[in-house]
>>> print(open('protein.pdb').read())   # PDB, C-alpha atoms
MODEL        1
ATOM      1  CA  MET A   4       0.000   0.000   0.000
ATOM      2  CA  ASP A   5       1.356   3.418  -0.974
ATOM      3  CA  LEU A   6       0.960   5.814   1.958
ATOM      4  CA  GLY A   7       2.400   8.573  -0.233
ATOM      5  CA  ALA A   8      -0.957   8.724  -1.996
ATOM      6  CA  PHE A   9      -2.786   9.701   1.194
ATOM      7  CA  ASP A  10      -4.091  13.264   1.322
ATOM      8  CA  CYS A  11      -6.550  14.527   3.930
ATOM      9  CA  GLN A  12      -5.905  18.187   3.036
ATOM     10  CA  ASP A  13      -4.159  18.784   6.345
ATOM     11  CA  GLU A  14      -0.409  18.992   5.865
ATOM     12  CA  ASP A  15       0.428  18.142   9.495
ATOM     13  CA  LEU A  16      -1.636  14.972   9.429
ATOM     14  CA  ASN A  17      -0.364  13.966   5.967
ATOM     15  CA  GLU A  18       3.191  14.459   7.133
ATOM     16  CA  PHE A  19       2.593  12.569  10.364
ATOM     17  CA  LEU A  20       1.417   9.491   8.476
ATOM     18  CA  LYS A  21       4.192   9.593   5.919
ATOM     19  CA  LYS A  22       7.123  10.642   8.108
ATOM     20  CA  ASP A  23       6.485  10.349  11.837
ATOM     21  CA  ALA A  24       4.038   7.513  12.442
ATOM     22  CA  PHE A  25       6.651   4.804  12.177
ATOM     23  CA  SER A  26       9.069   6.409  14.673
ATOM     24  CA  TYR A  27       6.189   7.105  17.088
ATOM     25  CA  GLN A  28       5.373   3.423  16.832
ATOM     26  CA  LYS A  29       8.997   2.332  17.275
ATOM     27  CA  ASN A  30       9.407   4.526  20.357
ATOM     28  CA  GLY A  31       6.175   3.412  21.992
ATOM     29  CA  ILE A  32       4.485   6.802  21.729
ATOM     30  CA  ALA A  33       1.514   5.972  19.509
ATOM     31  CA  GLN A  34       0.326   3.108  17.349
ATOM     32  CA  THR A  35      -1.047   4.025  13.945
ATOM     33  CA  TYR A  36      -3.699   2.061  12.056
ATOM     34  CA  VAL A  37      -4.435   2.601   8.390
ATOM     35  CA  CYS A  38      -7.866   1.976   6.943
ATOM     36  CA  GLN A  39      -7.615   0.733   3.363
ATOM     37  CA  TYR A  40     -10.018   0.295   0.495
ATOM     38  CA  SER A  41      -8.986  -1.324  -2.810
ATOM     39  CA  ASN A  42      -5.422  -1.295  -1.495
ATOM     40  CA  GLN A  43      -5.525   2.496  -1.079
ATOM     41  CA  PRO A  44      -5.166   4.285   2.268
ATOM     42  CA  VAL A  45      -8.497   6.009   2.887
ATOM     43  CA  GLY A  46      -8.016   6.949   6.532
ATOM     44  CA  PHE A  47      -5.829   6.470   9.561
ATOM     45  CA  PHE A  48      -5.815   6.924  13.292
ATOM     46  CA  SER A  49      -3.160   6.874  16.022
ATOM     47  CA  LEU A  50      -3.763   5.667  19.539
ATOM     48  CA  CYS A  51      -1.945   6.126  22.810
ATOM     49  CA  SER A  52      -2.771   5.590  26.454
ATOM     50  CA  ASP A  53      -4.251   8.416  28.481
ATOM     51  CA  ALA A  54      -5.647   9.331  31.899
ATOM     52  CA  ILE A  55      -8.165  12.049  32.608
ATOM     53  CA  LYS A  56      -9.417  13.864  35.680
ATOM     54  CA  LEU A  57     -13.075  14.626  36.216
ATOM     55  CA  SER A  58     -14.347  17.690  38.039
ATOM     56  CA  ASP A  59     -16.016  17.093  41.412
ATOM     57  CA  LEU A  60     -19.446  17.849  39.958
ATOM     58  CA  GLU A  61     -18.900  15.513  37.016
ATOM     59  CA  GLU A  62     -18.008  12.711  39.410
ATOM     60  CA  ILE A  63     -21.133  13.278  41.476
ATOM     61  CA  ALA A  64     -23.335  13.562  38.376
ATOM     62  CA  GLU A  65     -21.917  10.485  36.693
ATOM     63  CA  PHE A  66     -20.879   8.259  39.564
ATOM     64  CA  GLY A  67     -23.137   9.488  42.333
ATOM     65  CA  VAL A  68     -20.229   9.926  44.708
ATOM     66  CA  ASP A  69     -17.531  12.489  45.278
ATOM     67  CA  LYS A  70     -13.819  11.863  44.694
ATOM     68  CA  THR A  71     -13.844   8.278  43.574
ATOM     69  CA  HIS A  72     -10.539   8.348  41.703
ATOM     70  CA  GLN A  73      -7.803  10.850  40.985
ATOM     71  CA  ASP A  74      -7.495   9.789  37.354
ATOM     72  CA  TYR A  75      -9.479   7.576  35.016
ATOM     73  CA  PRO A  76      -7.602   5.350  32.554
ATOM     74  CA  ALA A  77      -8.367   5.839  28.875
ATOM     75  CA  ILE A  78      -7.294   5.161  25.313
ATOM     76  CA  LYS A  79      -6.722   8.347  23.381
ATOM     77  CA  ILE A  80      -7.347   8.985  19.711
ATOM     78  CA  ALA A  81      -4.231  11.056  19.177
ATOM     79  CA  ARG A  82      -4.845  11.588  15.458
ATOM     80  CA  LEU A  83      -7.589  10.690  13.029
ATOM     81  CA  ALA A  84      -7.938  11.646   9.397
ATOM     82  CA  THR A  85      -9.830  10.614   6.285
ATOM     83  CA  SER A  86      -8.626  10.920   2.711
ATOM     84  CA  ALA A  87     -10.186  13.949   1.021
ATOM     85  CA  SER A  88     -11.214  11.689  -1.874
ATOM     86  CA  TYR A  89     -13.347   9.612   0.488
ATOM     87  CA  LYS A  90     -14.947  12.357   2.561
ATOM     88  CA  GLY A  91     -18.674  11.924   3.217
ATOM     89  CA  ARG A  92     -18.504   8.137   3.241
ATOM     90  CA  HIS A  93     -18.527   7.853   7.042
ATOM     91  CA  ILE A  94     -15.009   6.446   7.165
ATOM     92  CA  GLY A  95     -14.152   8.668  10.163
ATOM     93  CA  MET A  96     -17.194   7.420  12.014
ATOM     94  CA  PHE A  97     -16.309   3.839  11.129
ATOM     95  CA  MET A  98     -12.766   4.293  12.469
ATOM     96  CA  VAL A  99     -13.994   5.766  15.773
ATOM     97  CA  LYS A 100     -16.390   2.835  16.184
ATOM     98  CA  TYR A 101     -13.479   0.478  15.508
ATOM     99  CA  VAL A 102     -11.471   2.245  18.238
ATOM    100  CA  ILE A 103     -14.361   1.937  20.695
ATOM    101  CA  GLY A 104     -14.659  -1.778  19.838
ATOM    102  CA  MET A 105     -10.932  -2.187  20.391
ATOM    103  CA  ALA A 106     -11.062  -0.304  23.709
ATOM    104  CA  LEU A 107     -13.951  -2.489  24.869
ATOM    105  CA  GLU A 108     -11.887  -5.570  24.072
ATOM    106  CA  PHE A 109      -8.778  -4.217  25.835
ATOM    107  CA  SER A 110     -10.789  -3.113  28.858
ATOM    108  CA  LYS A 111     -11.453  -6.763  29.656
ATOM    109  CA  LYS A 112      -7.743  -7.143  30.385
ATOM    110  CA  ILE A 113      -6.530  -3.670  31.391
ATOM    111  CA  GLY A 114      -8.506  -1.026  33.242
ATOM    112  CA  CYS A 115      -9.821   1.438  30.689
ATOM    113  CA  ARG A 116     -12.899   3.554  31.332
ATOM    114  CA  PHE A 117     -12.932   6.050  28.476
ATOM    115  CA  VAL A 118     -11.914   6.716  24.891
ATOM    116  CA  THR A 119     -10.625  10.285  24.768
ATOM    117  CA  VAL A 120      -9.823  12.765  22.048
ATOM    118  CA  ASP A 121      -8.610  16.339  21.800
ATOM    119  CA  SER A 122     -10.992  17.448  19.100
ATOM    120  CA  MET A 123     -10.529  20.289  16.674
ATOM    121  CA  PRO A 124     -13.357  22.798  17.300
ATOM    122  CA  ASN A 125     -14.958  21.947  13.958
ATOM    123  CA  SER A 126     -14.992  18.229  14.799
ATOM    124  CA  VAL A 127     -16.771  18.511  18.163
ATOM    125  CA  GLU A 128     -20.165  17.819  16.580
ATOM    126  CA  PHE A 129     -18.774  14.756  14.804
ATOM    127  CA  TYR A 130     -17.666  13.268  18.132
ATOM    128  CA  GLN A 131     -20.895  14.294  19.868
ATOM    129  CA  ARG A 132     -22.825  12.283  17.280
ATOM    130  CA  LEU A 133     -20.761   9.326  18.473
ATOM    131  CA  ASN A 134     -21.797   9.951  22.102
ATOM    132  CA  PHE A 135     -18.615  11.722  23.172
ATOM    133  CA  ILE A 136     -19.063  14.497  25.731
ATOM    134  CA  LYS A 137     -16.810  17.411  26.601
ATOM    135  CA  ASN A 138     -14.434  17.096  29.542
ATOM    136  CA  LEU A 139     -14.827  19.963  31.958
ATOM    137  CA  LYS A 140     -11.494  19.586  33.649
ATOM    138  CA  ASP A 141      -9.001  18.849  30.886
ATOM    139  CA  HIS A 142      -8.257  21.577  28.412
ATOM    140  CA  SER A 143      -5.820  21.367  25.563
ATOM    141  CA  GLY A 144      -5.475  24.905  24.305
ATOM    142  CA  LYS A 145      -7.690  25.460  21.295
ATOM    143  CA  MET A 146      -8.637  21.798  21.183
ATOM    144  CA  GLU A 147     -11.720  20.455  22.943
ATOM    145  CA  SER A 148     -11.002  17.584  25.299
ATOM    146  CA  MET A 149     -13.753  14.947  24.973
ATOM    147  CA  ARG A 150     -14.495  11.452  26.232
ATOM    148  CA  PHE A 151     -16.623   8.413  25.497
ATOM    149  CA  ASP A 152     -17.634   6.242  28.456
ATOM    150  CA  LEU A 153     -17.096   2.531  27.779
ATOM    151  CA  ILE A 154     -19.345   1.360  30.584
ATOM    152  CA  GLU A 155     -22.505  -0.495  29.572
ATOM    153  CA  PRO A 156     -25.739   1.199  30.641
ATOM    154  CA  PRO A 157     -27.576  -0.662  33.372
ATOM    155  CA  THR A 158     -30.192  -3.085  32.076
ATOM    156  CA  SER A 159     -33.644  -1.583  32.333
ATOM    157  CA  SER A 160     -35.418  -4.930  32.578
ATOM    158  CA  VAL A 161     -37.521  -5.203  35.694
ATOM    159  CA  ALA A 162     -38.245  -8.639  36.999
ATOM    160  CA  SER A 163     -41.961  -9.256  36.759
ATOM    161  CA  SER A 164     -43.535 -10.920  39.741
ATOM    162  CA  PRO A 165     -45.597 -14.010  38.986
TER     163      PRO A 165
ATOM    164  CA  MET B  13     -10.333  -1.680  55.303
ATOM    165  CA  ALA B  14     -12.137   0.031  52.442
ATOM    166  CA  LYS B  15     -13.005   3.651  53.074
ATOM    167  CA  PRO B  16     -16.766   4.123  53.333
ATOM    168  CA  ILE B  17     -18.290   6.374  50.694
ATOM    169  CA  GLU B  18     -19.221   9.693  52.201
ATOM    170  CA  PRO B  19     -22.681  11.126  51.658
ATOM    171  CA  THR B  20     -23.058  13.432  48.665
ATOM    172  CA  PRO B  21     -22.520  17.004  49.847
ATOM    173  CA  GLU B  22     -25.373  19.450  49.437
ATOM    174  CA  ILE B  23     -25.082  21.252  46.120
ATOM    175  CA  THR B  24     -26.374  24.797  45.988
ATOM    176  CA  GLY B  25     -26.339  27.966  43.876
ATOM    177  CA  LYS B  26     -24.504  27.994  40.552
ATOM    178  CA  ASP B  27     -23.169  24.515  41.258
ATOM    179  CA  ALA B  28     -26.723  23.200  41.459
ATOM    180  CA  ASP B  29     -27.535  24.451  37.957
ATOM    181  CA  GLU B  30     -24.332  22.980  36.623
ATOM    182  CA  PHE B  31     -25.056  19.723  38.416
ATOM    183  CA  VAL B  32     -28.479  19.466  36.762
ATOM    184  CA  GLU B  33     -26.850  20.032  33.362
ATOM    185  CA  LEU B  34     -24.196  17.420  34.071
ATOM    186  CA  THR B  35     -26.790  14.920  35.221
ATOM    187  CA  LYS B  36     -28.710  15.405  31.961
ATOM    188  CA  ARG B  37     -25.471  14.996  30.050
ATOM    189  CA  ALA B  38     -24.594  11.848  31.973
ATOM    190  CA  GLU B  39     -27.828  10.306  30.737
ATOM    191  CA  VAL B  40     -26.034   9.660  27.425
ATOM    192  CA  THR B  41     -24.042   7.056  29.307
ATOM    193  CA  LEU B  42     -27.191   5.500  30.743
ATOM    194  CA  ASP B  43     -29.176   5.491  27.497
ATOM    195  CA  PRO B  44     -30.305   1.900  26.787
ATOM    196  CA  GLN B  45     -29.649   2.588  23.075
ATOM    197  CA  LYS B  46     -25.983   2.728  23.972
ATOM    198  CA  THR B  47     -25.855  -1.054  24.340
ATOM    199  CA  LYS B  48     -26.792  -1.368  20.666
ATOM    200  CA  PHE B  49     -24.098   1.142  19.746
ATOM    201  CA  LEU B  50     -21.467  -0.700  21.807
ATOM    202  CA  ASP B  51     -22.462  -3.972  20.147
ATOM    203  CA  GLU B  52     -22.018  -2.382  16.727
ATOM    204  CA  CYS B  53     -18.532  -1.179  17.742
ATOM    205  CA  ARG B  54     -17.612  -4.628  19.069
ATOM    206  CA  LYS B  55     -18.755  -6.230  15.816
ATOM    207  CA  ILE B  56     -16.795  -3.788  13.638
ATOM    208  CA  TYR B  57     -13.650  -4.463  15.640
ATOM    209  CA  ALA B  58     -14.131  -8.239  15.898
ATOM    210  CA  GLU B  59     -14.599  -8.592  12.134
ATOM    211  CA  ARG B  60     -11.525  -6.597  11.228
ATOM    212  CA  LYS B  61      -9.023  -6.879  14.055
ATOM    213  CA  PRO B  62      -5.511  -7.746  12.953
TER     214      PRO B  62
ENDMDL
END
>>> encode(input="protein.pdb", output="structure tokens")
Amino acid sequence: MDLGAFDCQDEDLNEFLKKDAFSYQKNGIAQTYVCQYSNQPVGFFSLCSDAIKLSDLEEIAEFGVDKTHQDYPAIKIARLATSASYKGRHIGMFMVKYVIGMALEFSKKIGCRFVTVDSMPNSVEFYQRLNFIKNLKDHSGKMESMRFDLIEPPTSSVASSP
Amino acid sequence: MAKPIEPTPEITGKDADEFVELTKRAEVTLDPQKTKFLDECRKIYAERKP
């Protein structure tokens, strides 16, 4: 597969895939996955481990108790991009779902509560459609820190009495 | 011995409004539809994992 053909119309991301991804991988900084179609790279994402803090109010609202943990373990989508030629085909959404599926699998073996991302402002809505919410405590400059909770919702089935 | 969980402190004023917003937001996590979404993600990964 020729990664040189990949173009997402963002020079930093193009360059990362073509020049830096391999050394990041070699040095244990981030693992990069390429999504291919007809042997062409149509998207990629990089993952690394992460930990996030929640504000006191977030902890009470989401966990019902105050100060449960200092940090919550997570898998972070460090980079994600789709080829400009394949925009509008939901490849980005597909890749995020793949990451969530992967995180769910890993969380059976290693504690992992969230999938996180530092979203570009114009991608916040994209992640919200995938059930990510904004982190109140973590800020990354112009980026919006967001998270997806991997925990299953409680079953709503109520046992019926005979 | 495990530390007992302390009772939730009383939330008042601006914090109370924010708390209500956060509780609404947290409902995304509790949405029963989420199970279907998680299953879809599991399937996508399971079918394509290296």
>>> atom_distance(input="protein.pdb", atom1="CA of Thr85 (chain A)", atom2="CA of Glu59 (chain B)")
20.6 Å
>>> resolve_selection(input="protein.pdb", expression="the PyMOL selection byres ((chain A) within 9 of (chain B))", output="NGL selection string")
:A and (60-61 or 63-65 or 67-69 or 71 or 97 or 99-105 or 107-108 or 133-136 or 151-159)
>>> atom_distance(input="protein.pdb", atom1="CA of Tyr27 (chain A)", atom2="CA of Phe48 (chain A)")
12.6 Å
>>> atom_distance(input="protein.pdb", atom1="CA of Ser122 (chain A)", atom2="CA of Val45 (chain A)")
20.0 Å
>>> resolve_selection(input="protein.pdb", expression="the PyMOL selection byres ((chain A and resi 8) around 12)", output="VMD selection string")
chain A and resid 4 to 7 9 to 12 17 to 18 20 to 21 39 42 to 46 86 to 88
>>> axis_aligned_box(input="protein.pdb", around="region 96-105 of chain A", padding_each_side="3 Å", output="JSON")
{"center_x": -14.1, "center_y": 2.6, "center_z": 15.9, "size_x": 12.3, "size_y": 15.6, "size_z": 15.6}
>>> build_atoms(input="protein.pdb", residues="region 78-97 of chain A", atoms="N, CA, C and O atoms", output="JSON list (two decimals), keeping the file's coordinate frame")
[["chain", "number", "residue", "atom", "x", "y", "z"],
["A", 78, "ILE", "N", -8.04, 5.27, 26.57],
["A", 78, "ILE", "CA", -7.29, 5.16, 25.31],
["A", 78, "ILE", "C", -7.59, 6.43, 24.53],
["A", 78, "ILE", "O", -8.76, 6.82, 24.41],
["A", 79, "LYS", "N", -6.53, 7.05, 24.05],
["A", 79, "LYS", "CA", -6.72, 8.35, 23.38],
["A", 79, "LYS", "C", -6.57, 8.24, 21.86],
["A", 79, "LYS", "O", -5.61, 7.61, 21.39],
["A", 80, "ILE", "N", -7.50, 8.84, 21.16],
["A", 80, "ILE", "CA", -7.35, 8.98, 19.71],
["A", 80, "ILE", "C", -6.46, 10.22, 19.52],
["A", 80, "ILE", "O", -6.92, 11.35, 19.66],
["A", 81, "ALA", "N", -5.18, 9.95, 19.27],
["A", 81, "ALA", "CA", -4.23, 11.06, 19.18],
["A", 81, "ALA", "C", -4.35, 11.78, 17.83],
["A", 81, "ALA", "O", -4.14, 12.98, 17.74],
["A", 82, "ARG", "N", -4.64, 11.00, 16.80],
["A", 82, "ARG", "CA", -4.84, 11.59, 15.46],
["A", 82, "ARG", "C", -5.87, 10.75, 14.70],
["A", 82, "ARG", "O", -5.91, 9.53, 14.87],
["A", 83, "LEU", "N", -6.62, 11.41, 13.87],
["A", 83, "LEU", "CA", -7.59, 10.69, 13.03],
["A", 83, "LEU", "C", -7.83, 11.54, 11.79],
["A", 83, "LEU", "O", -8.05, 12.74, 11.89],
["A", 84, "ALA", "N", -7.73, 10.90, 10.64],
["A", 84, "ALA", "CA", -7.94, 11.65, 9.40],
["A", 84, "ALA", "C", -8.49, 10.74, 8.31],
["A", 84, "ALA", "O", -8.22, 9.54, 8.29],
["A", 85, "THR", "N", -9.26, 11.34, 7.42],
["A", 85, "THR", "CA", -9.83, 10.61, 6.28],
["A", 85, "THR", "C", -9.32, 11.24, 4.99],
["A", 85, "THR", "O", -9.19, 12.47, 4.91],
["A", 86, "SER", "N", -9.06, 10.42, 4.02],
["A", 86, "SER", "CA", -8.63, 10.92, 2.71],
["A", 86, "SER", "C", -9.70, 11.86, 2.14],
["A", 86, "SER", "O", -10.89, 11.55, 2.19],
["A", 87, "ALA", "N", -9.24, 12.97, 1.59],
["A", 87, "ALA", "CA", -10.19, 13.95, 1.02],
["A", 87, "ALA", "C", -11.04, 13.31, -0.07],
["A", 87, "ALA", "O", -12.20, 13.68, -0.25],
["A", 88, "SER", "N", -10.47, 12.34, -0.79],
["A", 88, "SER", "CA", -11.21, 11.69, -1.87],
["A", 88, "SER", "C", -12.36, 10.82, -1.35],
["A", 88, "SER", "O", -13.22, 10.42, -2.12],
["A", 89, "TYR", "N", -12.32, 10.50, -0.08],
["A", 89, "TYR", "CA", -13.35, 9.61, 0.49],
["A", 89, "TYR", "C", -14.19, 10.30, 1.55],
["A", 89, "TYR", "O", -14.87, 9.64, 2.33],
["A", 90, "LYS", "N", -14.14, 11.63, 1.57],
["A", 90, "LYS", "CA", -14.95, 12.36, 2.56],
["A", 90, "LYS", "C", -16.44, 12.11, 2.29],
["A", 90, "LYS", "O", -16.86, 11.92, 1.16],
["A", 91, "GLY", "N", -17.23, 12.11, 3.36],
["A", 91, "GLY", "CA", -18.67, 11.92, 3.22],
["A", 91, "GLY", "C", -19.10, 10.47, 3.15],
["A", 91, "GLY", "O", -20.28, 10.17, 2.96],
["A", 92, "ARG", "N", -18.14, 9.56, 3.30],
["A", 92, "ARG", "CA", -18.50, 8.14, 3.24],
["A", 92, "ARG", "C", -18.47, 7.49, 4.63],
["A", 92, "ARG", "O", -18.41, 6.28, 4.76],
["A", 93, "HIS", "N", -18.46, 8.31, 5.64],
["A", 93, "HIS", "CA", -18.53, 7.85, 7.04],
["A", 93, "HIS", "C", -17.33, 6.99, 7.45],
["A", 93, "HIS", "O", -17.46, 6.14, 8.33],
["A", 94, "ILE", "N", -16.20, 7.23, 6.80],
["A", 94, "ILE", "CA", -15.01, 6.45, 7.16],
["A", 94, "ILE", "C", -14.50, 6.87, 8.55],
["A", 94, "ILE", "O", -14.09, 6.03, 9.35],
["A", 95, "GLY", "N", -14.58, 8.17, 8.84],
["A", 95, "GLY", "CA", -14.15, 8.67, 10.16],
["A", 95, "GLY", "C", -14.99, 8.04, 11.26],
["A", 95, "GLY", "O", -14.46, 7.58, 12.28],
["A", 96, "MET", "N", -16.28, 7.99, 11.03],
["A", 96, "MET", "CA", -17.19, 7.42, 12.01],
["A", 96, "MET", "C", -16.89, 5.92, 12.20],
["A", 96, "MET", "O", -16.86, 5.41, 13.31],
["A", 97, "PHE", "N", -16.64, 5.26, 11.09],
["A", 97, "PHE", "CA", -16.31, 3.84, 11.13],
["A", 97, "PHE", "C", -15.04, 3.61, 11.96],
["A", 97, "PHE", "O", -14.97, 2.70, 12.80]]
